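Visitor: For reference, this is structure_4.pdb, and it has PDB, C-alpha atoms.
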```pdb
ATOM      1  CA  MET U   3      87.869  -2.791-112.021  1.00  0.00           C
ATOM      2  CA  ARG U   4      85.009  -0.866-110.492  1.00  0.00           C
ATOM      3  CA  LYS U   5      81.938  -2.789-109.431  1.00  0.00           C
ATOM      4  CA  SER U   6      78.549  -1.538-110.582  1.00  0.00           C
ATOM      5  CA  HIS U   7      76.527   0.090-107.964  1.00  0.00           C
ATOM      6  CA  PRO U   8      73.338  -1.926-106.981  1.00  0.00           C
ATOM      7  CA  VAL U   9      71.100   1.112-107.462  1.00  0.00           C
ATOM      8  CA  ARG U  10      72.408   1.652-110.968  1.00  0.00           C
ATOM      9  CA  ARG U  11      71.703  -1.990-111.913  1.00  0.00           C
ATOM     10  CA  ALA U  12      68.105  -1.688-110.651  1.00  0.00           C
ATOM     11  CA  VAL U  13      67.514   1.466-112.714  1.00  0.00           C
ATOM     12  CA  LEU U  14      68.838  -0.162-115.887  1.00  0.00           C
ATOM     13  CA  ALA U  15      66.702  -3.284-115.372  1.00  0.00           C
ATOM     14  CA  GLY U  16      63.561  -1.189-114.870  1.00  0.00           C
ATOM     15  CA  ALA U  17      64.245   0.836-118.007  1.00  0.00           C
ATOM     16  CA  ALA U  18      64.621  -2.388-120.038  1.00  0.00           C
ATOM     17  CA  THR U  19      61.312  -3.723-118.732  1.00  0.00           C
ATOM     18  CA  VAL U  20      59.441  -0.521-119.628  1.00  0.00           C
ATOM     19  CA  SER U  21      60.917  -0.569-123.163  1.00  0.00           C
ATOM     20  CA  ALA U  22      59.769  -4.156-123.682  1.00  0.00           C
ATOM     21  CA  ILE U  23      56.188  -3.340-122.582  1.00  0.00           C
ATOM     22  CA  VAL U  24      56.004  -0.337-124.925  1.00  0.00           C
ATOM     23  CA  LEU U  25      57.233  -2.479-127.825  1.00  0.00           C
ATOM     24  CA  LEU U  26      54.593  -5.189-127.192  1.00  0.00           C
ATOM     25  CA  LEU U  27      51.766  -2.634-127.010  1.00  0.00           C
ATOM     26  CA  SER U  28      52.807  -1.107-130.324  1.00  0.00           C
ATOM     27  CA  LEU U  29      52.603  -4.566-131.997  1.00  0.00           C
ATOM     28  CA  LYS U  30      49.100  -5.463-130.649  1.00  0.00           C
ATOM     29  CA  PRO U  31      46.453  -5.472-133.494  1.00  0.00           C
ATOM     30  CA  ALA U  32      43.794  -2.812-133.260  1.00  0.00           C
ATOM     31  CA  SER U  33      40.373  -4.019-132.270  1.00  0.00           C
ATOM     32  CA  GLY U  34      37.114  -3.046-134.003  1.00  0.00           C
ATOM     33  CA  PRO U  35      34.758  -4.157-136.811  1.00  0.00           C
ATOM     34  CA  GLY U  36      37.271  -3.392-139.557  1.00  0.00           C
ATOM     35  CA  SER U  37      39.799  -5.839-138.161  1.00  0.00           C
ATOM     36  CA  ALA U  38      37.370  -8.735-137.519  1.00  0.00           C
ATOM     37  CA  PRO U  39      38.281 -10.823-140.634  1.00  0.00           C
ATOM     38  CA  ALA U  40      41.968 -10.666-139.752  1.00  0.00           C
ATOM     39  CA  ALA U  41      41.303 -11.742-136.171  1.00  0.00           C
ATOM     40  CA  GLY U  42      38.998 -14.545-137.188  1.00  0.00           C
ATOM     41  CA  GLY U  43      41.191 -15.751-140.011  1.00  0.00           C
ATOM     42  CA  ALA U  44      38.421 -15.932-142.663  1.00  0.00           C
ATOM     43  CA  ALA U  45      35.629 -13.906-144.249  1.00  0.00           C
ATOM     44  CA  PRO U  46      31.932 -14.841-143.724  1.00  0.00           C
ATOM     45  CA  PRO U  47      30.783 -17.777-145.915  1.00  0.00           C
ATOM     46  CA  VAL U  48      29.147 -16.927-149.241  1.00  0.00           C
ATOM     47  CA  ALA U  49      25.881 -18.613-148.222  1.00  0.00           C
ATOM     48  CA  ALA U  50      25.463 -16.161-145.393  1.00  0.00           C
ATOM     49  CA  GLN U  51      25.811 -13.115-147.613  1.00  0.00           C
ATOM     50  CA  SER U  52      22.894 -11.367-149.311  1.00  0.00           C
ATOM     51  CA  PRO U  53      22.007 -12.625-152.794  1.00  0.00           C
ATOM     52  CA  GLN U  54      23.302 -10.428-155.570  1.00  0.00           C
ATOM     53  CA  GLY U  55      20.707 -11.481-158.162  1.00  0.00           C
ATOM     54  CA  GLY U  56      21.379 -13.430-161.343  1.00  0.00           C
ATOM     55  CA  ARG U  57      19.871 -15.911-163.758  1.00  0.00           C
ATOM     56  CA  ASP U  58      17.902 -17.904-161.125  1.00  0.00           C
ATOM     57  CA  ALA U  59      16.952 -14.991-158.875  1.00  0.00           C
ATOM     58  CA  GLY U  60      13.296 -15.224-159.996  1.00  0.00           C
ATOM     59  CA  ALA U  61      12.996 -19.030-159.873  1.00  0.00           C
ATOM     60  CA  SER U  62      10.045 -20.619-158.075  1.00  0.00           C
ATOM     61  CA  THR U  63       9.250 -24.219-157.154  1.00  0.00           C
ATOM     62  CA  VAL U  64       5.755 -25.621-157.704  1.00  0.00           C
ATOM     63  CA  THR U  65       4.473 -29.089-156.767  1.00  0.00           C
ATOM     64  CA  GLY U  66       1.715 -30.667-158.823  1.00  0.00           C
ATOM     65  CA  ASP U  67      -1.153 -32.829-157.640  1.00  0.00           C
ATOM     66  CA  ALA U  68      -0.485 -36.424-156.629  1.00  0.00           C
ATOM     67  CA  VAL U  69      -2.077 -38.501-159.403  1.00  0.00           C
ATOM     68  CA  ARG U  70      -3.103 -42.061-158.682  1.00  0.00           C
ATOM     69  CA  THR U  71      -2.184 -44.713-161.215  1.00  0.00           C
ATOM     70  CA  GLN U  72      -2.674 -48.467-161.331  1.00  0.00           C
ATOM     71  CA  TYR U  73       0.794 -48.976-159.848  1.00  0.00           C
ATOM     72  CA  GLY U  74       0.955 -46.110-157.380  1.00  0.00           C
ATOM     73  CA  PRO U  75       0.843 -42.295-157.129  1.00  0.00           C
ATOM     74  CA  VAL U  76       2.887 -39.983-159.323  1.00  0.00           C
ATOM     75  CA  GLN U  77       3.675 -36.419-158.263  1.00  0.00           C
ATOM     76  CA  VAL U  78       5.882 -33.891-160.027  1.00  0.00           C
ATOM     77  CA  ARG U  79       7.724 -30.845-158.703  1.00  0.00           C
ATOM     78  CA  LEU U  80       8.858 -28.127-161.106  1.00  0.00           C
ATOM     79  CA  THR U  81      11.305 -25.280-160.994  1.00  0.00           C
ATOM     80  CA  VAL U  82      10.063 -22.391-163.129  1.00  0.00           C
ATOM     81  CA  SER U  83      12.210 -19.371-163.959  1.00  0.00           C
ATOM     82  CA  GLY U  84      11.386 -16.559-166.343  1.00  0.00           C
ATOM     83  CA  GLY U  85       8.181 -18.333-167.377  1.00  0.00           C
ATOM     84  CA  ARG U  86      10.108 -21.459-168.440  1.00  0.00           C
ATOM     85  CA  ILE U  87      10.556 -24.912-166.895  1.00  0.00           C
ATOM     86  CA  THR U  88      14.172 -25.137-165.779  1.00  0.00           C
ATOM     87  CA  GLY U  89      13.895 -28.312-163.696  1.00  0.00           C
ATOM     88  CA  ALA U  90      11.537 -31.241-163.113  1.00  0.00           C
ATOM     89  CA  GLU U  91      11.579 -34.110-160.645  1.00  0.00           C
ATOM     90  CA  ALA U  92       9.172 -36.796-159.484  1.00  0.00           C
ATOM     91  CA  VAL U  93       8.628 -36.574-155.725  1.00  0.00           C
ATOM     92  CA  GLN U  94       6.375 -39.639-155.909  1.00  0.00           C
ATOM     93  CA  ALA U  95       6.516 -42.546-158.360  1.00  0.00           C
ATOM     94  CA  PRO U  96       5.413 -46.214-158.373  1.00  0.00           C
ATOM     95  CA  LYS U  97       7.615 -48.433-156.196  1.00  0.00           C
ATOM     96  CA  GLY U  98       8.117 -52.092-155.460  1.00  0.00           C
ATOM     97  CA  GLY U  99       8.823 -55.106-157.626  1.00  0.00           C
ATOM     98  CA  GLN U 100       9.045 -54.372-161.339  1.00  0.00           C
ATOM     99  CA  SER U 101       7.886 -50.782-160.723  1.00  0.00           C
ATOM    100  CA  ASP U 102      11.323 -49.916-159.321  1.00  0.00           C
ATOM    101  CA  ARG U 103      12.986 -50.751-162.630  1.00  0.00           C
ATOM    102  CA  VAL U 104      10.294 -49.077-164.738  1.00  0.00           C
ATOM    103  CA  THR U 105      10.361 -45.912-162.607  1.00  0.00           C
ATOM    104  CA  ALA U 106      14.164 -45.711-162.629  1.00  0.00           C
ATOM    105  CA  ASP U 107      14.156 -45.932-166.416  1.00  0.00           C
ATOM    106  CA  ALA U 108      11.124 -43.736-167.195  1.00  0.00           C
ATOM    107  CA  VAL U 109      11.240 -40.838-164.734  1.00  0.00           C
ATOM    108  CA  PRO U 110      14.605 -39.362-165.821  1.00  0.00           C
ATOM    109  CA  LYS U 111      13.387 -39.439-169.428  1.00  0.00           C
ATOM    110  CA  LEU U 112      10.133 -37.724-168.456  1.00  0.00           C
ATOM    111  CA  ASN U 113      12.041 -35.103-166.462  1.00  0.00           C
ATOM    112  CA  ARG U 114      14.231 -34.273-169.448  1.00  0.00           C
ATOM    113  CA  ALA U 115      11.263 -34.228-171.809  1.00  0.00           C
ATOM    114  CA  ALA U 116       9.350 -31.796-169.568  1.00  0.00           C
ATOM    115  CA  VAL U 117      12.267 -29.344-169.511  1.00  0.00           C
ATOM    116  CA  ALA U 118      12.834 -29.668-173.254  1.00  0.00           C
ATOM    117  CA  ALA U 119       9.138 -29.249-174.171  1.00  0.00           C
ATOM    118  CA  GLY U 120       8.426 -26.543-171.607  1.00  0.00           C
ATOM    119  CA  SER U 121       4.935 -27.997-171.184  1.00  0.00           C
ATOM    120  CA  ALA U 122       3.057 -31.180-170.306  1.00  0.00           C
ATOM    121  CA  ASP U 123       2.784 -32.113-173.978  1.00  0.00           C
ATOM    122  CA  ILE U 124       5.351 -34.897-173.794  1.00  0.00           C
ATOM    123  CA  ASP U 125       5.363 -38.432-175.164  1.00  0.00           C
ATOM    124  CA  ALA U 126       4.850 -41.468-172.967  1.00  0.00           C
ATOM    125  CA  VAL U 127       7.903 -43.601-172.247  1.00  0.00           C
ATOM    126  CA  SER U 128       7.653 -47.049-173.781  1.00  0.00           C
ATOM    127  CA  GLY U 129       6.801 -49.643-171.143  1.00  0.00           C
ATOM    128  CA  ALA U 130       5.675 -46.987-168.622  1.00  0.00           C
ATOM    129  CA  THR U 131       2.264 -45.950-169.949  1.00  0.00           C
ATOM    130  CA  TYR U 132       0.560 -45.450-166.593  1.00  0.00           C
ATOM    131  CA  THR U 133       3.512 -43.684-164.998  1.00  0.00           C
ATOM    132  CA  SER U 134       3.787 -41.408-168.034  1.00  0.00           C
ATOM    133  CA  ALA U 135       0.090 -40.530-167.940  1.00  0.00           C
ATOM    134  CA  GLY U 136       0.239 -39.753-164.209  1.00  0.00           C
ATOM    135  CA  TYR U 137       3.406 -37.731-164.706  1.00  0.00           C
ATOM    136  CA  ARG U 138       1.800 -35.591-167.398  1.00  0.00           C
ATOM    137  CA  GLN U 139      -1.279 -34.915-165.286  1.00  0.00           C
ATOM    138  CA  SER U 140       0.758 -33.915-162.236  1.00  0.00           C
ATOM    139  CA  LEU U 141       3.072 -31.841-164.434  1.00  0.00           C
ATOM    140  CA  GLN U 142       0.128 -29.977-165.932  1.00  0.00           C
ATOM    141  CA  SER U 143      -1.364 -29.286-162.494  1.00  0.00           C
ATOM    142  CA  ALA U 144       1.977 -27.832-161.390  1.00  0.00           C
ATOM    143  CA  LEU U 145       2.036 -25.590-164.458  1.00  0.00           C
ATOM    144  CA  ASP U 146      -1.528 -24.521-163.696  1.00  0.00           C
ATOM    145  CA  LYS U 147      -0.533 -23.551-160.175  1.00  0.00           C
ATOM    146  CA  ALA U 148       2.466 -21.635-161.474  1.00  0.00           C
ATOM    147  CA  ALA U 149       0.248 -19.704-163.876  1.00  0.00           C
ATOM    148  CA  ALA U 150      -2.769 -19.190-161.598  1.00  0.00           C
ATOM    149  CA  PRO U 151      -1.367 -16.362-159.404  1.00  0.00           C
ATOM    150  CA  ALA U 152      -0.933 -14.166-162.478  1.00  0.00           C
ATOM    151  CA  GLY U 153      -4.711 -13.812-162.701  1.00  0.00           C
ATOM    152  CA  PRO U 154      -6.618 -12.418-165.649  1.00  0.00           C
ATOM    153  CA  GLU U 155      -5.462  -9.051-166.906  1.00  0.00           C
ATOM    154  CA  SER U 156      -7.764  -6.342-168.119  1.00  0.00           C
ATOM    155  CA  GLY U 157      -9.189  -6.732-171.588  1.00  0.00           C
ATOM    156  CA  PRO U 158     -10.811  -9.651-173.399  1.00  0.00           C
ATOM    157  CA  GLY U 159      -8.772 -12.755-173.972  1.00  0.00           C
ATOM    158  CA  ARG U 160      -5.782 -11.590-171.901  1.00  0.00           C
ATOM    159  CA  GLY U 161      -4.077 -13.086-168.883  1.00  0.00           C
ATOM    160  CA  THR U 162      -4.196 -16.684-167.696  1.00  0.00           C
ATOM    161  CA  GLN U 163      -7.221 -18.508-166.339  1.00  0.00           C
ATOM    162  CA  VAL U 164      -7.459 -21.975-164.874  1.00  0.00           C
ATOM    163  CA  LEU U 165     -11.005 -23.303-165.147  1.00  0.00           C
ATOM    164  CA  THR U 166     -12.544 -26.581-164.055  1.00  0.00           C
ATOM    165  CA  GLY U 167     -15.358 -28.062-166.094  1.00  0.00           C
ATOM    166  CA  ASP U 168     -18.388 -29.991-164.897  1.00  0.00           C
ATOM    167  CA  ALA U 169     -18.013 -33.580-163.732  1.00  0.00           C
ATOM    168  CA  VAL U 170     -19.773 -35.538-166.472  1.00  0.00           C
ATOM    169  CA  ARG U 171     -21.114 -38.995-165.662  1.00  0.00           C
ATOM    170  CA  THR U 172     -20.464 -41.746-168.174  1.00  0.00           C
ATOM    171  CA  GLN U 173     -21.310 -45.437-168.266  1.00  0.00           C
ATOM    172  CA  TYR U 174     -17.922 -46.269-166.744  1.00  0.00           C
ATOM    173  CA  GLY U 175     -17.439 -43.382-164.336  1.00  0.00           C
ATOM    174  CA  PRO U 176     -17.180 -39.583-164.113  1.00  0.00           C
ATOM    175  CA  VAL U 177     -14.972 -37.458-166.353  1.00  0.00           C
ATOM    176  CA  GLN U 178     -13.885 -33.962-165.333  1.00  0.00           C
ATOM    177  CA  VAL U 179     -11.471 -31.650-167.100  1.00  0.00           C
ATOM    178  CA  ARG U 180      -9.446 -28.632-165.989  1.00  0.00           C
ATOM    179  CA  VAL U 181      -8.306 -26.155-168.647  1.00  0.00           C
ATOM    180  CA  THR U 182      -5.637 -23.455-168.684  1.00  0.00           C
ATOM    181  CA  VAL U 183      -6.480 -20.583-171.027  1.00  0.00           C
ATOM    182  CA  SER U 184      -3.933 -17.876-171.778  1.00  0.00           C
ATOM    183  CA  GLY U 185      -4.248 -15.085-174.286  1.00  0.00           C
ATOM    184  CA  GLY U 186      -7.601 -16.506-175.399  1.00  0.00           C
ATOM    185  CA  ARG U 187      -6.048 -19.885-176.272  1.00  0.00           C
ATOM    186  CA  ILE U 188      -6.002 -23.292-174.595  1.00  0.00           C
ATOM    187  CA  THR U 189      -2.468 -23.813-173.304  1.00  0.00           C
ATOM    188  CA  GLY U 190      -3.069 -26.860-171.121  1.00  0.00           C
ATOM    189  CA  VAL U 191      -5.674 -29.477-170.277  1.00  0.00           C
ATOM    190  CA  GLU U 192      -5.766 -32.203-167.663  1.00  0.00           C
ATOM    191  CA  ALA U 193      -8.330 -34.767-166.581  1.00  0.00           C
ATOM    192  CA  LEU U 194      -9.177 -34.484-162.876  1.00  0.00           C
ATOM    193  CA  GLN U 195     -11.543 -37.455-162.957  1.00  0.00           C
ATOM    194  CA  THR U 196     -11.619 -40.412-165.341  1.00  0.00           C
ATOM    195  CA  PRO U 197     -13.100 -43.944-165.308  1.00  0.00           C
ATOM    196  CA  LYS U 198     -11.050 -46.307-163.146  1.00  0.00           C
ATOM    197  CA  GLY U 199     -10.845 -49.987-162.380  1.00  0.00           C
ATOM    198  CA  GLY U 200     -10.393 -53.052-164.583  1.00  0.00           C
ATOM    199  CA  ARG U 201     -10.065 -52.308-168.290  1.00  0.00           C
ATOM    200  CA  SER U 202     -10.885 -48.642-167.663  1.00  0.00           C
ATOM    201  CA  ASP U 203      -7.401 -48.045-166.267  1.00  0.00           C
ATOM    202  CA  ARG U 204      -5.780 -49.146-169.516  1.00  0.00           C
ATOM    203  CA  ILE U 205      -8.275 -47.292-171.711  1.00  0.00           C
ATOM    204  CA  THR U 206      -7.938 -44.104-169.665  1.00  0.00           C
ATOM    205  CA  GLY U 207      -4.152 -44.311-169.665  1.00  0.00           C
ATOM    206  CA  GLU U 208      -4.137 -44.452-173.462  1.00  0.00           C
ATOM    207  CA  ALA U 209      -7.056 -42.142-174.302  1.00  0.00           C
ATOM    208  CA  VAL U 210      -6.649 -39.172-171.937  1.00  0.00           C
ATOM    209  CA  PRO U 211      -3.190 -38.040-173.152  1.00  0.00           C
ATOM    210  CA  LYS U 212      -4.487 -38.136-176.749  1.00  0.00           C
ATOM    211  CA  LEU U 213      -7.573 -36.098-175.789  1.00  0.00           C
ATOM    212  CA  GLU U 214      -5.392 -33.561-173.973  1.00  0.00           C
ATOM    213  CA  ARG U 215      -3.128 -33.052-176.971  1.00  0.00           C
ATOM    214  CA  ALA U 216      -6.130 -32.824-179.309  1.00  0.00           C
ATOM    215  CA  ALA U 217      -7.791 -30.155-177.149  1.00  0.00           C
ATOM    216  CA  VAL U 218      -4.656 -27.978-177.089  1.00  0.00           C
ATOM    217  CA  ALA U 219      -4.143 -28.411-180.828  1.00  0.00           C
ATOM    218  CA  ALA U 220      -7.785 -27.674-181.707  1.00  0.00           C
ATOM    219  CA  GLY U 221      -8.188 -24.851-179.200  1.00  0.00           C
ATOM    220  CA  SER U 222     -11.746 -25.991-178.581  1.00  0.00           C
ATOM    221  CA  ALA U 223     -13.887 -28.960-177.535  1.00  0.00           C
ATOM    222  CA  ASP U 224     -14.393 -29.929-181.176  1.00  0.00           C
ATOM    223  CA  ILE U 225     -12.120 -32.962-181.023  1.00  0.00           C
ATOM    224  CA  ASP U 226     -12.478 -36.511-182.293  1.00  0.00           C
ATOM    225  CA  ALA U 227     -13.231 -39.424-180.004  1.00  0.00           C
ATOM    226  CA  VAL U 228     -10.383 -41.811-179.288  1.00  0.00           C
ATOM    227  CA  SER U 229     -10.978 -45.265-180.743  1.00  0.00           C
ATOM    228  CA  GLY U 230     -12.014 -47.708-178.024  1.00  0.00           C
ATOM    229  CA  ALA U 231     -12.809 -44.909-175.546  1.00  0.00           C
ATOM    230  CA  THR U 232     -16.116 -43.577-176.864  1.00  0.00           C
ATOM    231  CA  TYR U 233     -17.749 -42.880-173.500  1.00  0.00           C
ATOM    232  CA  THR U 234     -14.633 -41.332-171.966  1.00  0.00           C
ATOM    233  CA  SER U 235     -14.178 -39.152-175.048  1.00  0.00           C
ATOM    234  CA  ALA U 236     -17.765 -37.936-174.951  1.00  0.00           C
ATOM    235  CA  GLY U 237     -17.554 -37.078-171.251  1.00  0.00           C
ATOM    236  CA  TYR U 238     -14.207 -35.371-171.819  1.00  0.00           C
ATOM    237  CA  ARG U 239     -15.617 -33.143-174.557  1.00  0.00           C
ATOM    238  CA  GLN U 240     -18.627 -32.153-172.458  1.00  0.00           C
ATOM    239  CA  SER U 241     -16.542 -31.250-169.429  1.00  0.00           C
ATOM    240  CA  LEU U 242     -14.037 -29.405-171.619  1.00  0.00           C
ATOM    241  CA  GLN U 243     -16.816 -27.365-173.236  1.00  0.00           C
ATOM    242  CA  SER U 244     -18.300 -26.423-169.849  1.00  0.00           C
ATOM    243  CA  ALA U 245     -14.868 -25.158-168.744  1.00  0.00           C
ATOM    244  CA  LEU U 246     -14.501 -23.120-171.943  1.00  0.00           C
ATOM    245  CA  ASP U 247     -17.969 -21.677-171.451  1.00  0.00           C
ATOM    246  CA  ARG U 248     -16.821 -20.332-168.091  1.00  0.00           C
ATOM    247  CA  ALA U 249     -13.838 -18.746-169.814  1.00  0.00           C
ATOM    248  CA  GLY U 250     -16.150 -17.017-172.240  1.00  0.00           C
ATOM    249  CA  GLY U 251     -15.921 -19.540-175.066  1.00  0.00           C
TER     250      GLY U 251
END
```
Could you render the structure as structure tokens?
Guide:
Amino acid sequence: MRKSHPVRRAVLAGAATVSAIVLLLSLKPASGPGSAPAAGGAAPPVAAQSPQGGRDAGASTVTGDAVRTQYGPVQVRLTVSGGRITGAEAVQAPKGGQSDRVTADAVPKLNRAAVAAGSADIDAVSGATYTSAGYRQSLQSALDKAAAPAGPESGPGRGTQVLTGDAVRTQYGPVQVRVTVSGGRITGVEALQTPKGGRSDRITGEAVPKLERAAVAAGSADIDAVSGATYTSAGYRQSLQSALDRAGG
């Protein structure tokens, strides 16, 4: 048998090496932007992509005023989309002792009621009178803030206006009302100042929500006094009328 020549073996080995290198280069993935997902193993997360629009694309979040109550402050934050309340939550509510139980029971009900009603005209939760009153006031202030940027449109009685009436002194303390007027009609009312301390807290907590509902229903300051809250009712009507006067009646 003939033995292979050493030179011939070297040539064959070199040719095999070159063939292997060429094969590896042909299998290497092409680099560039188009191949980035394959190299990384995953596409960019959805949160990092641009929004495509949809039902909540125009949603805004508005936080109402912090309203003091006998048991602690109440403050409401709203999500408004397409001119409607789509979400409500209390960012502040009475805490400590029995207030924890009352708040845990009342606030979810108030949140649901606000979304269902689409306004601050909601009923108080039984056993949570003060929290309910504070919730409604903060809710209304949030709605006022959501409506305020629209500004009055041209023409009488159009657009939305938020107007604050005079602070009227009564025997038990000042009363001041803020009114939202839209399309020439009262769409919301809230008391910025009311008598406080002692029995006044209870009277205010019961009377003010009734006065607010009466003002919206009547569309004017011609509303009846709440029984047991004569002075508060009188101050409320005066402040309400002064706010309406600023809106042009």
Visitor: What is the distance between CA of Arg114 (chain U) and CA of Val82 (chain U), in Å to one decimal?
Guide: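 Interatomic distance here is 14.1 Å.
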Visitor: Go ahead and compute the interatomic distance for CA of Ala135 (chain U) and CA of Glu91 (chain U), in Å to one decimal.
Guide: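 Calculated distance between CA of Ala135 (chain U) and CA of Glu91 (chain U) is 15.0 Å.
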Visitor: Taking the file above as input, evaluate the PyMOL selection byres ((chain U and resi 238-248) around 10) and report the hits as an MDAnalysis selection string.
Guide: chainID U and resid 163:172 176:183 188 191:193 195:196 210 213:214 217 221:227 232:237 249:251
Visitor: Please produce a file of those selected residues containing C-alpha atoms, as an mmCIF file, keeping the file's coordinate frame.
Guide:
```
data_model
loop_
_atom_site.group_PDB
_atom_site.id
_atom_site.type_symbol
_atom_site.label_atom_id
_atom_site.label_comp_id
_atom_site.auth_asym_id
_atom_site.auth_seq_id
_atom_site.Cartn_x
_atom_site.Cartn_y
_atom_site.Cartn_z
ATOM 1 C CA GLN U 163 -7.221 -18.508 -166.339
ATOM 2 C CA VAL U 164 -7.459 -21.975 -164.874
ATOM 3 C CA LEU U 165 -11.005 -23.303 -165.147
ATOM 4 C CA THR U 166 -12.544 -26.581 -164.055
ATOM 5 C CA GLY U 167 -15.358 -28.062 -166.094
ATOM 6 C CA ASP U 168 -18.388 -29.991 -164.897
ATOM 7 C CA ALA U 169 -18.013 -33.580 -163.732
ATOM 8 C CA VAL U 170 -19.773 -35.538 -166.472
ATOM 9 C CA ARG U 171 -21.114 -38.995 -165.662
ATOM 10 C CA THR U 172 -20.464 -41.746 -168.174
ATOM 11 C CA PRO U 176 -17.180 -39.583 -164.113
ATOM 12 C CA VAL U 177 -14.972 -37.458 -166.353
ATOM 13 C CA GLN U 178 -13.885 -33.962 -165.333
ATOM 14 C CA VAL U 179 -11.471 -31.650 -167.100
ATOM 15 C CA ARG U 180 -9.446 -28.632 -165.989
ATOM 16 C CA VAL U 181 -8.306 -26.155 -168.647
ATOM 17 C CA THR U 182 -5.637 -23.455 -168.684
ATOM 18 C CA VAL U 183 -6.480 -20.583 -171.027
ATOM 19 C CA ILE U 188 -6.002 -23.292 -174.595
ATOM 20 C CA VAL U 191 -5.674 -29.477 -170.277
ATOM 21 C CA GLU U 192 -5.766 -32.203 -167.663
ATOM 22 C CA ALA U 193 -8.330 -34.767 -166.581
ATOM 23 C CA GLN U 195 -11.543 -37.455 -162.957
ATOM 24 C CA THR U 196 -11.619 -40.412 -165.341
ATOM 25 C CA VAL U 210 -6.649 -39.172 -171.937
ATOM 26 C CA LEU U 213 -7.573 -36.098 -175.789
ATOM 27 C CA GLU U 214 -5.392 -33.561 -173.973
ATOM 28 C CA ALA U 217 -7.791 -30.155 -177.149
ATOM 29 C CA GLY U 221 -8.188 -24.851 -179.200
ATOM 30 C CA SER U 222 -11.746 -25.991 -178.581
ATOM 31 C CA ALA U 223 -13.887 -28.960 -177.535
ATOM 32 C CA ASP U 224 -14.393 -29.929 -181.176
ATOM 33 C CA ILE U 225 -12.120 -32.962 -181.023
ATOM 34 C CA ASP U 226 -12.478 -36.511 -182.293
ATOM 35 C CA ALA U 227 -13.231 -39.424 -180.004
ATOM 36 C CA THR U 232 -16.116 -43.577 -176.864
ATOM 37 C CA TYR U 233 -17.749 -42.880 -173.500
ATOM 38 C CA THR U 234 -14.633 -41.332 -171.966
ATOM 39 C CA SER U 235 -14.178 -39.152 -175.048
ATOM 40 C CA ALA U 236 -17.765 -37.936 -174.951
ATOM 41 C CA GLY U 237 -17.554 -37.078 -171.251
ATOM 42 C CA ALA U 249 -13.838 -18.746 -169.814
ATOM 43 C CA GLY U 250 -16.150 -17.017 -172.240
ATOM 44 C CA GLY U 251 -15.921 -19.540 -175.066
#
```
Visitor: When you draw a straight line from CA of Gln173 (chain U) to CA of Thr133 (chain U), how long is it in Å?
Guide: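 CA of Thr133 (chain U) lies 25.1 Å from CA of Gln173 (chain U).
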Visitor: Translate the PyMOL selection byres ((chain U and resi 128) around 12) into a concrete residue list for this structure, as a short mmCIF file (atom, residue, chain, number, x, y, z; two decimals) with C-alpha atoms, in the coordinates of the input.
Guide:
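Output file result.cif is given in full below:
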```cif
data_model
loop_
_atom_site.label_atom_id
_atom_site.label_comp_id
_atom_site.auth_asym_id
_atom_site.auth_seq_id
_atom_site.Cartn_x
_atom_site.Cartn_y
_atom_site.Cartn_z
CA VAL U 104 10.29 -49.08 -164.74
CA THR U 105 10.36 -45.91 -162.61
CA ASP U 107 14.16 -45.93 -166.42
CA ALA U 108 11.12 -43.74 -167.20
CA VAL U 109 11.24 -40.84 -164.73
CA LYS U 111 13.39 -39.44 -169.43
CA LEU U 112 10.13 -37.72 -168.46
CA ASP U 125 5.36 -38.43 -175.16
CA ALA U 126 4.85 -41.47 -172.97
CA VAL U 127 7.90 -43.60 -172.25
CA GLY U 129 6.80 -49.64 -171.14
CA ALA U 130 5.68 -46.99 -168.62
CA THR U 131 2.26 -45.95 -169.95
CA TYR U 132 0.56 -45.45 -166.59
CA THR U 133 3.51 -43.68 -165.00
CA SER U 134 3.79 -41.41 -168.03
CA ALA U 135 0.09 -40.53 -167.94
#
```
Visitor: Which residues come within 7 Å of region 117-121 of chain U, counting all atoms listed in the file, excluding same-chain residues fewer than 6 positions away, as a PDB file with C-alpha atoms, in the coordinates of the input?
Guide:
```
ATOM      1  CA  ARG U  86      10.108 -21.459-168.440  1.00  0.00           C
ATOM      2  CA  ILE U  87      10.556 -24.912-166.895  1.00  0.00           C
ATOM      3  CA  THR U  88      14.172 -25.137-165.779  1.00  0.00           C
ATOM      4  CA  GLY U  89      13.895 -28.312-163.696  1.00  0.00           C
ATOM      5  CA  ALA U  90      11.537 -31.241-163.113  1.00  0.00           C
TER       6      ALA U  90
END
```
Visitor: Up to 10 Å from (-2.5, -41.9, -161.4) in the file's coordinates: name the residues, counting only C-alpha atoms, as a list in words.
Guide: Asp67, Ala68, Val69, Arg70, Thr71, Gln72, Tyr73, Gly74, Pro75, Val76, Gln77, Ala95, Pro96, Tyr132, Thr133, Ser134, Ala135, Gly136, Tyr137, Arg138, Gln139, Ser140, Lys198, Asp203 and Gly207 of chain U
